[in-house]
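Beneath this line is the structure, given in structure tokens, with notes to follow.
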Amino acid sequence: MTEDVIILSIETSCDETACSIVRNGNDILSNVVISQIESHKRFGGVVPEVASRHHVESITMVIEETMAQADLKPADLTAVAVTEGPGLIGALLVGINAAKAFSFAHDLPLIPVHHIAGHIYANQLEEELKFPLVALIVSGGHTELIYMKDHLSFEVMGETRDDAVGESYDKVARVIGLPYPGGPYIDRLSSEGEDTFNFPRPYLEPGSYDFSFSGLKSSVINTLHNYKQKDIEVNTADVAQSFQQSVVDVLTKKTMDAVAGCDVNQLIVAGGVAANKGLRSKFEELCDVKNIQLSIPALKYCTDNAAMIGAAAYHLYKKKHFAALDLNGRNYIDIEEIAY
Amino acid sequence: MISLLIDTSNRPLSIALNRDDALIAEINATVKKTHSGTIMDYVDKLFKIADIDKKKIDRIIVARGPGSYTGVRIGVTAAKTLAFSLGVELYSVSSLFVIAASTGREGIFAPVFDGRRGNVFGAVYQIKEDCYEILVEPQYMSFDALKGKLKSFNSPEVLLDRDEKFSAGAGEFTHTVPRITAVEKYRAALKSEGVHQLVPEYLRVSEAERNWLEKNRL
């Protein structure tokens, strides 16, 4: 019998202070997330300095709670994993230094994990990954289409050239008077509206899997501005539905094109925006027709969490991909860099 | 009693292991490297130089600020997590007092860190052999205001790291960088902290919060 690999992982790349213990890459022994969202709401978005301050306030408590929930001692652990990047640098540094101090104190190997790899591996907490696969990662900070032919092999097919999709949701939500974070509010409101505005679908040049949502966002803002000047009342539910339809059309079209071109066994959609009902149902419909296995992790593993970092770290542990104590945070890391 | 001391409040890094207030080993650097990359690596090296098992320390003393927000946060995060993981006591000390104590001399000292646009994070201390007095509490103020306060003291010395940027026009000062080994004998300067409760002493709310408070003032 092979020995269990029990990894404590820490994730602080944005506005969640998270820690988790995962056994053998898929068995969650504990999973603690402290969200700062209530604090950032007043600013209408995540403020990096405020996020960093909250992380340092709660980091040791979160680790202690994670150990207590799993009912484990440090001696039971195999390794410590931490999100190395990408993310808000000041926020990342809190998690990284806590992870380094913990690994030093307990003589545990330290595993640096790419945040996007974590989002993809979140799926492993519920079912095995089936290669080759295509993953669409959509969140407040990321919009990426990734091809994986095997574990830890990442090929970026496309990514955003400007705003992340979640960011566009936040900005559109603000102009139609919805609270932060915009995604869930627009999603909810859109179900009461119709696509009457027919906003542009930014497909970019033919064959490109890149994304660009800032033009769409501007189009929404300009349209609303015009209506306001002409004193015409707009139905915000129609705006929400029209915007969402454009986003969903572009995300699903590009993703399905990518899937069709790669002969894959699985499509993974993850990240906070994967919780979007409009996006989920469109993917479900399309994958059903094309007979493609669609996997969308449960909401709590779609938004930022540390269990997903532990899931990815399991494979890095097996490859002995360890960092020394001079590990530093990086606000941008090319995911292809860590491929084997 | 063995203590690990940590200061990463500004550009310099200062860490030390003391036994009964006296130095066993220290690493002080003004090299331009990020504390995030170096601090735990250097702490590891420090234990090796001192030939001491990390499990043998009794307490950790960390400079809690003011200073660079990120710098202070890294020192405090490392200290908190180490104290939590090793199960040892945690103490904090003002980063400004670290500078005053680092002179190793007696006198009236006004350590200052840049606070941008002519402002400073500063304090005034009178240091004697084994004791000290706070003449002006650590605070964020204009450098002119601090200089005004200094007029009432007998030959005060402004302490500043000449390699840090300083927006106020320093005038006469003594170049001083931190040697945190020096603080431990000043018992009253060490504040006992709860591991989970310790947060940096920024002495300023963040810019975003400042703007928000301004806009939402009743």
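In the structure tokens, chains take the letters A, B, ... in the order shown, each chain's residues start at 1, and ligands count up from 1 in the order shown.
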
Could you give me, as a tab-separated table, a per-residue list for chain A showing, wherever an atom lies at most 12 Å from an atom of chain B, the closest pair of atoms and their distance in Å to one decimal, using only C-alpha atoms and sorting by chain then residue number from low to high?
residue	atom	partner	partner_atom	distance
A:Ser39	CA	B:Glu209	CA	10.1
A:His40	CA	B:Glu209	CA	9.9
A:Lys41	CA	B:Trp212	CA	11.4
A:Arg42	CA	B:Trp212	CA	7.8
A:Phe43	CA	B:Trp212	CA	7.3
A:Gly44	CA	B:Trp212	CA	10.8
A:Gly45	CA	B:Ala208	CA	10.8
A:Val46	CA	B:Ala208	CA	10.2
A:Val47	CA	B:Ala208	CA	7.1
A:Pro48	CA	B:Ala208	CA	9.4
A:Glu49	CA	B:Ser206	CA	6.7
A:Val50	CA	B:Ser206	CA	6.8
A:Ala51	CA	B:Ser206	CA	10.4
A:Ser52	CA	B:Arg73	CA	8.2
A:Arg53	CA	B:Arg73	CA	7.8
A:His54	CA	B:Val199	CA	9.3
A:His55	CA	B:Thr77	CA	9.2
A:Val56	CA	B:Thr77	CA	6.1
A:Glu57	CA	B:Val199	CA	5.9
A:Ser58	CA	B:His196	CA	7.0
A:Ile59	CA	B:His196	CA	7.9
A:Thr60	CA	B:His196	CA	5.9
A:Met61	CA	B:His196	CA	5.8
A:Val62	CA	B:His196	CA	9.4
A:Ile63	CA	B:Thr81	CA	9.0
A:Glu64	CA	B:Phe84	CA	8.5
A:Glu65	CA	B:His196	CA	11.4
A:Met67	CA	B:Ser85	CA	11.3
A:Lys73	CA	B:Ser85	CA	10.7
A:Pro74	CA	B:Ser85	CA	8.6
A:Ala75	CA	B:Ser85	CA	11.5
A:Glu84	CA	B:Gly37	CA	11.6
A:Ile89	CA	B:Thr70	CA	9.7
A:Gly90	CA	B:Thr70	CA	6.5
A:Ala91	CA	B:Thr70	CA	9.4
A:Leu92	CA	B:Ser36	CA	9.9
A:Leu93	CA	B:Ser36	CA	6.4
A:Val94	CA	B:Thr77	CA	6.2
A:Gly95	CA	B:Thr77	CA	8.4
A:Ile96	CA	B:Ser36	CA	8.0
A:Asn97	CA	B:Ala78	CA	5.7
A:Ala98	CA	B:Thr81	CA	5.5
A:Ala99	CA	B:Thr81	CA	8.2
A:Lys100	CA	B:Met40	CA	6.6
A:Ala101	CA	B:Leu82	CA	5.5
A:Phe102	CA	B:Ser85	CA	6.1
A:Ser103	CA	B:Ser85	CA	9.1
A:Phe104	CA	B:Asp44	CA	7.6
A:Ala105	CA	B:Ser85	CA	6.1
A:His106	CA	B:Ser85	CA	7.4
A:Asp107	CA	B:Lys54	CA	10.4
A:Leu108	CA	B:Ser85	CA	12.0
A:Ala323	CA	B:Asp41	CA	11.3
A:Ala324	CA	B:Asp41	CA	7.9
A:Leu325	CA	B:Asp41	CA	4.8
A:Asp326	CA	B:Gly37	CA	4.6
A:Leu327	CA	B:Gly37	CA	5.6
A:Asn328	CA	B:Gly37	CA	4.6
A:Gly329	CA	B:Ser36	CA	7.6
A:Arg330	CA	B:Gly37	CA	10.6

Considering only C-alpha atoms, return as an mmCIF file with N, CA and C atoms, in the first residue's frame whatever protein or nucleic-acid residues lie within 12 Å of range 255-257 of chain A, sequence-local ones (same chain, fewer than 5 positions apart) excluded.
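Saved file out_21.cif follows:
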data_model
loop_
_atom_site.group_PDB
_atom_site.id
_atom_site.type_symbol
_atom_site.label_atom_id
_atom_site.label_comp_id
_atom_site.auth_asym_id
_atom_site.auth_seq_id
_atom_site.Cartn_x
_atom_site.Cartn_y
_atom_site.Cartn_z
ATOM 1 N N LEU A 133 -7.928 17.282 -22.381
ATOM 2 C CA LEU A 133 -9.086 18.089 -22.007
ATOM 3 C C LEU A 133 -8.863 19.555 -22.365
ATOM 4 N N VAL A 134 -9.971 20.259 -22.438
ATOM 5 C CA VAL A 134 -9.912 21.712 -22.588
ATOM 6 C C VAL A 134 -10.563 22.310 -21.353
ATOM 7 N N ALA A 135 -9.932 23.355 -20.806
ATOM 8 C CA ALA A 135 -10.488 24.014 -19.625
ATOM 9 C C ALA A 135 -10.695 25.498 -19.920
ATOM 10 N N LEU A 136 -11.873 25.987 -19.580
ATOM 11 C CA LEU A 136 -12.146 27.423 -19.663
ATOM 12 C C LEU A 136 -12.184 27.956 -18.233
ATOM 13 N N ILE A 137 -11.258 28.864 -17.931
ATOM 14 C CA ILE A 137 -11.210 29.448 -16.590
ATOM 15 C C ILE A 137 -11.724 30.878 -16.676
ATOM 16 N N VAL A 138 -12.825 31.118 -16.001
ATOM 17 C CA VAL A 138 -13.448 32.443 -16.065
ATOM 18 C C VAL A 138 -13.706 32.959 -14.650
ATOM 19 N N THR A 143 -9.486 35.019 -17.693
ATOM 20 C CA THR A 143 -10.310 34.447 -18.760
ATOM 21 C C THR A 143 -9.342 33.684 -19.644
ATOM 22 N N GLU A 144 -9.270 32.362 -19.489
ATOM 23 C CA GLU A 144 -8.264 31.592 -20.218
ATOM 24 C C GLU A 144 -8.839 30.290 -20.735
ATOM 25 N N LEU A 145 -8.364 29.924 -21.901
ATOM 26 C CA LEU A 145 -8.745 28.668 -22.510
ATOM 27 C C LEU A 145 -7.469 27.835 -22.581
ATOM 28 N N ILE A 146 -7.485 26.682 -21.905
ATOM 29 C CA ILE A 146 -6.255 25.901 -21.767
ATOM 30 C C ILE A 146 -6.460 24.476 -22.238
ATOM 31 N N TYR A 147 -5.457 23.954 -22.938
ATOM 32 C CA TYR A 147 -5.476 22.567 -23.402
ATOM 33 C C TYR A 147 -4.505 21.754 -22.567
ATOM 34 N N MET A 157 -4.451 28.214 -25.091
ATOM 35 C CA MET A 157 -5.013 28.370 -26.433
ATOM 36 C C MET A 157 -5.460 29.804 -26.657
ATOM 37 N N GLY A 158 -5.986 30.409 -25.608
ATOM 38 C CA GLY A 158 -6.446 31.786 -25.712
ATOM 39 C C GLY A 158 -6.575 32.405 -24.338
ATOM 40 N N GLU A 159 -6.503 33.725 -24.303
ATOM 41 C CA GLU A 159 -6.669 34.428 -23.031
ATOM 42 C C GLU A 159 -7.200 35.824 -23.301
ATOM 43 N N TYR A 203 -15.814 38.495 -31.284
ATOM 44 C CA TYR A 203 -15.162 37.216 -31.625
ATOM 45 C C TYR A 203 -13.702 37.395 -32.029
ATOM 46 N N PRO A 206 -10.777 35.712 -37.124
ATOM 47 C CA PRO A 206 -11.156 34.307 -37.268
ATOM 48 C C PRO A 206 -10.032 33.388 -36.780
ATOM 49 N N GLY A 207 -10.397 32.323 -36.090
ATOM 50 C CA GLY A 207 -9.408 31.351 -35.633
ATOM 51 C C GLY A 207 -8.786 31.695 -34.290
ATOM 52 N N SER A 208 -9.036 32.914 -33.797
ATOM 53 C CA SER A 208 -8.425 33.297 -32.514
ATOM 54 C C SER A 208 -9.256 32.781 -31.351
ATOM 55 N N TYR A 209 -8.570 32.275 -30.343
ATOM 56 C CA TYR A 209 -9.254 31.853 -29.122
ATOM 57 C C TYR A 209 -9.080 32.887 -28.006
ATOM 58 N N ASP A 210 -8.539 34.051 -28.369
ATOM 59 C CA ASP A 210 -8.403 35.117 -27.365
ATOM 60 C C ASP A 210 -9.758 35.773 -27.098
ATOM 61 N N PHE A 211 -9.798 36.506 -26.002
ATOM 62 C CA PHE A 211 -11.024 37.191 -25.611
ATOM 63 C C PHE A 211 -10.756 38.682 -25.439
ATOM 64 N N VAL A 248 -21.983 35.104 -23.037
ATOM 65 C CA VAL A 248 -22.190 33.656 -23.113
ATOM 66 C C VAL A 248 -21.947 33.161 -24.540
ATOM 67 N N ASP A 249 -22.446 33.900 -25.528
ATOM 68 C CA ASP A 249 -22.238 33.505 -26.930
ATOM 69 C C ASP A 249 -20.752 33.393 -27.247
ATOM 70 N N VAL A 250 -19.989 34.411 -26.842
ATOM 71 C CA VAL A 250 -18.557 34.429 -27.176
ATOM 72 C C VAL A 250 -17.806 33.323 -26.437
ATOM 73 N N CYS A 262 -9.734 19.812 -31.041
ATOM 74 C CA CYS A 262 -8.724 19.062 -30.270
ATOM 75 C C CYS A 262 -9.085 17.620 -29.995
ATOM 76 N N ASP A 263 -10.288 17.192 -30.313
ATOM 77 C CA ASP A 263 -10.701 15.822 -30.040
ATOM 78 C C ASP A 263 -10.501 15.467 -28.567
ATOM 79 N N VAL A 264 -11.169 16.204 -27.676
ATOM 80 C CA VAL A 264 -10.919 16.027 -26.250
ATOM 81 C C VAL A 264 -11.927 15.094 -25.595
ATOM 82 N N GLN A 266 -12.878 15.686 -22.309
ATOM 83 C CA GLN A 266 -13.559 16.394 -21.229
ATOM 84 C C GLN A 266 -13.426 17.899 -21.436
ATOM 85 N N LEU A 267 -14.495 18.607 -21.104
ATOM 86 C CA LEU A 267 -14.439 20.071 -21.067
ATOM 87 C C LEU A 267 -14.679 20.491 -19.625
ATOM 88 N N ILE A 268 -13.720 21.271 -19.086
ATOM 89 C CA ILE A 268 -13.869 21.779 -17.719
ATOM 90 C C ILE A 268 -14.130 23.276 -17.782
ATOM 91 N N VAL A 269 -15.135 23.726 -17.073
ATOM 92 C CA VAL A 269 -15.372 25.165 -16.938
ATOM 93 C C VAL A 269 -15.252 25.473 -15.448
ATOM 94 N N LEU A 279 -24.435 30.859 -18.386
ATOM 95 C CA LEU A 279 -23.279 30.218 -19.004
ATOM 96 C C LEU A 279 -23.350 28.700 -18.852
ATOM 97 N N LYS A 282 -26.052 27.081 -21.141
ATOM 98 C CA LYS A 282 -25.673 27.069 -22.558
ATOM 99 C C LYS A 282 -24.623 25.989 -22.822
ATOM 100 N N PHE A 283 -23.643 25.875 -21.920
ATOM 101 C CA PHE A 283 -22.634 24.823 -22.078
ATOM 102 C C PHE A 283 -23.272 23.431 -21.993
ATOM 103 N N GLU A 284 -24.200 23.280 -21.046
ATOM 104 C CA GLU A 284 -24.862 21.978 -20.895
ATOM 105 C C GLU A 284 -25.589 21.595 -22.179
ATOM 106 N N GLU A 285 -26.288 22.580 -22.737
ATOM 107 C CA GLU A 285 -27.048 22.353 -23.970
ATOM 108 C C GLU A 285 -26.107 21.955 -25.116
ATOM 109 N N LEU A 286 -25.027 22.721 -25.294
ATOM 110 C CA LEU A 286 -24.109 22.468 -26.408
ATOM 111 C C LEU A 286 -23.368 21.143 -26.252
ATOM 112 N N CYS A 287 -22.931 20.835 -25.026
ATOM 113 C CA CYS A 287 -22.179 19.604 -24.797
ATOM 114 C C CYS A 287 -23.075 18.383 -24.951
ATOM 115 N N ASP A 288 -24.344 18.554 -24.607
ATOM 116 C CA ASP A 288 -25.306 17.482 -24.758
ATOM 117 C C ASP A 288 -25.458 17.125 -26.236
ATOM 118 N N VAL A 289 -25.594 18.148 -27.046
ATOM 119 C CA VAL A 289 -25.763 17.948 -28.480
ATOM 120 C C VAL A 289 -24.524 17.270 -29.078
ATOM 121 N N LYS A 290 -23.354 17.747 -28.659
ATOM 122 C CA LYS A 290 -22.115 17.253 -29.257
ATOM 123 C C LYS A 290 -21.555 16.034 -28.533
ATOM 124 N N ASN A 291 -22.254 15.612 -27.468
ATOM 125 C CA ASN A 291 -21.837 14.439 -26.713
ATOM 126 C C ASN A 291 -20.420 14.583 -26.131
ATOM 127 N N ILE A 292 -20.213 15.697 -25.464
ATOM 128 C CA ILE A 292 -18.923 15.959 -24.820
ATOM 129 C C ILE A 292 -19.134 15.979 -23.318
ATOM 130 N N GLN A 293 -18.203 15.356 -22.573
ATOM 131 C CA GLN A 293 -18.356 15.367 -21.123
ATOM 132 C C GLN A 293 -18.006 16.735 -20.553
ATOM 133 N N LEU A 294 -18.998 17.376 -19.948
ATOM 134 C CA LEU A 294 -18.806 18.703 -19.355
ATOM 135 C C LEU A 294 -18.661 18.562 -17.849
#

Discussion item. Taking the DSSP secondary structure from the backbone, can you list the residues of range 82-237 of chain A that are strand (DSSP E or B), as a PyMOL selection string?
Written reply: chain A and resi 82-85+110-114+133-138+143-148+155-160+211

Neighbour list for range 126-143 of chain B as a compact mmCIF listing (two decimals) with N, CA and C atoms, in the first residue's frame, cut-off 10 Å, only C-alpha atoms, skip fewer than 3 positions in-chain:
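Wrote part-v9.txt, looks like this:
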# COMPACT_ATOMS: atom_id res chain seq x y z
N GLY B 65 5.91 47.87 12.86
CA GLY B 65 5.63 49.06 12.08
C GLY B 65 5.83 50.27 12.95
N PRO B 66 5.70 51.46 12.41
CA PRO B 66 5.33 51.77 11.02
C PRO B 66 6.47 51.46 10.06
N SER B 94 7.97 48.69 18.35
CA SER B 94 7.82 49.71 17.31
C SER B 94 9.06 49.73 16.41
N SER B 95 8.83 49.78 15.11
CA SER B 95 9.95 49.82 14.17
C SER B 95 10.77 51.10 14.36
N LEU B 96 10.13 52.14 14.87
CA LEU B 96 10.86 53.39 15.13
C LEU B 96 11.78 53.21 16.33
N PHE B 97 11.30 52.48 17.35
CA PHE B 97 12.15 52.26 18.51
C PHE B 97 13.37 51.40 18.13
N ALA B 100 16.00 53.74 17.10
CA ALA B 100 16.59 54.48 18.22
C ALA B 100 17.55 53.57 19.00
N ALA B 101 17.12 52.33 19.26
CA ALA B 101 17.97 51.40 20.02
C ALA B 101 19.21 50.99 19.22
N THR B 103 21.20 52.73 17.61
CA THR B 103 22.34 53.64 17.74
C THR B 103 23.36 53.09 18.74
N GLY B 104 22.85 52.34 19.73
CA GLY B 104 23.74 51.82 20.77
C GLY B 104 24.28 52.91 21.68
N ARG B 105 23.66 54.08 21.61
CA ARG B 105 24.15 55.22 22.41
C ARG B 105 23.03 55.76 23.28
N GLU B 106 23.40 56.63 24.21
CA GLU B 106 22.40 57.36 24.99
C GLU B 106 22.11 58.67 24.29
N GLY B 107 20.92 59.18 24.49
CA GLY B 107 20.61 60.47 23.88
C GLY B 107 19.13 60.61 23.60
N ILE B 108 18.79 61.72 22.97
CA ILE B 108 17.40 61.95 22.55
C ILE B 108 17.34 61.77 21.04
N PHE B 109 16.55 60.80 20.60
CA PHE B 109 16.55 60.41 19.20
C PHE B 109 15.17 60.56 18.57
N ALA B 110 15.17 61.05 17.33
CA ALA B 110 13.93 61.17 16.56
C ALA B 110 14.06 60.35 15.28
N PRO B 111 13.80 59.04 15.36
CA PRO B 111 13.83 58.22 14.14
C PRO B 111 12.66 58.59 13.24
N VAL B 112 12.92 58.70 11.94
CA VAL B 112 11.84 59.03 10.99
C VAL B 112 11.90 58.13 9.76
N PHE B 113 10.71 57.78 9.25
CA PHE B 113 10.57 57.09 7.96
C PHE B 113 9.76 58.01 7.05
N ASP B 114 10.02 57.92 5.78
CA ASP B 114 9.29 58.76 4.82
C ASP B 114 7.79 58.45 4.86
N GLY B 115 6.98 59.50 4.85
CA GLY B 115 5.53 59.33 4.80
C GLY B 115 4.94 60.01 3.58
N ARG B 116 5.78 60.39 2.63
CA ARG B 116 5.39 61.03 1.37
C ARG B 116 4.83 62.45 1.57
N ARG B 117 5.07 63.26 0.55
CA ARG B 117 4.60 64.66 0.50
C ARG B 117 4.94 65.44 1.77
N GLY B 118 6.19 65.31 2.20
CA GLY B 118 6.64 66.11 3.34
C GLY B 118 6.23 65.55 4.70
N ASN B 119 5.59 64.39 4.67
CA ASN B 119 5.17 63.78 5.94
C ASN B 119 6.12 62.66 6.35
N VAL B 120 6.07 62.35 7.64
CA VAL B 120 6.92 61.27 8.15
C VAL B 120 6.12 60.40 9.12
N PHE B 121 6.63 59.18 9.30
CA PHE B 121 6.27 58.39 10.47
C PHE B 121 7.43 58.62 11.43
N GLY B 122 7.15 59.20 12.57
CA GLY B 122 8.25 59.54 13.47
C GLY B 122 7.87 59.41 14.93
N ALA B 123 8.88 59.45 15.79
CA ALA B 123 8.68 59.40 17.24
C ALA B 123 9.92 60.03 17.87
N LEU B 146 7.08 67.70 13.37
CA LEU B 146 8.02 66.97 14.23
C LEU B 146 9.18 67.88 14.63
N LYS B 147 9.69 68.63 13.65
CA LYS B 147 10.82 69.52 13.95
C LYS B 147 10.42 70.57 14.98
N GLY B 148 9.16 70.99 14.92
CA GLY B 148 8.63 71.93 15.92
C GLY B 148 8.70 71.32 17.32
N LYS B 149 8.28 70.05 17.41
CA LYS B 149 8.30 69.37 18.70
C LYS B 149 9.72 69.20 19.22
N LEU B 150 10.65 69.01 18.29
CA LEU B 150 12.04 68.74 18.70
C LEU B 150 12.69 69.95 19.39
N PHE B 153 13.40 69.89 23.11
CA PHE B 153 14.30 68.89 23.70
C PHE B 153 15.75 69.33 23.57
N PRO B 156 18.36 67.06 20.30
CA PRO B 156 17.82 65.83 19.72
C PRO B 156 18.52 65.49 18.40
N SER B 167 10.95 62.44 1.36
CA SER B 167 10.32 63.51 0.59
C SER B 167 10.38 64.86 1.29
N ALA B 168 10.82 64.89 2.56
CA ALA B 168 10.65 66.11 3.35
C ALA B 168 11.84 67.06 3.33
N GLY B 169 12.99 66.66 2.78
CA GLY B 169 14.19 67.50 2.89
C GLY B 169 14.74 67.32 4.29
N ALA B 170 15.70 66.44 4.43
CA ALA B 170 16.04 65.92 5.75
C ALA B 170 16.73 66.92 6.67
N VAL B 183 17.20 45.74 20.74
CA VAL B 183 15.99 46.18 21.45
C VAL B 183 15.64 45.37 22.69
N GLU B 184 16.15 44.15 22.76
CA GLU B 184 15.57 43.22 23.75
C GLU B 184 15.76 43.66 25.20
N LYS B 185 16.85 44.37 25.48
CA LYS B 185 17.07 44.75 26.89
C LYS B 185 16.10 45.83 27.36
N TYR B 186 15.42 46.49 26.42
CA TYR B 186 14.43 47.50 26.82
C TYR B 186 13.08 46.81 27.00
N ARG B 187 12.91 46.19 28.15
CA ARG B 187 11.73 45.36 28.42
C ARG B 187 10.40 46.08 28.10
N ALA B 188 10.33 47.35 28.51
CA ALA B 188 9.06 48.06 28.38
C ALA B 188 8.68 48.31 26.93
N ALA B 189 9.65 48.18 26.03
CA ALA B 189 9.36 48.42 24.61
C ALA B 189 8.74 47.19 23.96
N GLU B 201 1.32 47.73 12.76
CA GLU B 201 0.95 49.08 13.19
C GLU B 201 1.27 50.01 12.03
N TYR B 202 0.29 50.17 11.13
CA TYR B 202 0.53 50.97 9.92
C TYR B 202 0.59 52.46 10.25
N LEU B 203 -0.17 52.86 11.28
CA LEU B 203 -0.35 54.27 11.67
C LEU B 203 -1.09 55.10 10.62
N ARG B 204 -1.61 54.45 9.60
CA ARG B 204 -2.40 55.15 8.58
C ARG B 204 -3.39 54.19 7.99

Range 87-201 of chain A: residues DSSP assigns to helix (DSSP H, G or I), reported as a PyMOL selection string = chain A and resi 89-106+115-125+165-175+182-190

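Around Leu224 in chain A, within 12 Å and counting only C-alpha atoms, the residues found are Val172, Arg174, Val175, Ile176, Gly177, Phe197, Phe199, Lys217, Ser218, Lys230, Asp231, Ile232, Glu233, Val234, Asn235, Thr236, Asp238, Val239, Ala240 and Phe243 of chain A, once anything fewer than 6 positions away on its own chain is removed.
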
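Neighbouring residues of range 6-11 of chain A at 6 Å or closer, counting only C-alpha atoms and skipping chain neighbours under 6 positions away, are A:Ala18, A:Cys19, A:Ser20, A:Ile21, A:Val22, A:Arg23, A:Leu77, A:Thr78, A:Ala79, A:Val80, A:Ala81, A:Val82, A:Thr83, A:Ala306, A:Gly310.
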
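For the pair CA of Ala311 in chain A and CA of Glu16 in chain A, the separation is 17.7 Å.
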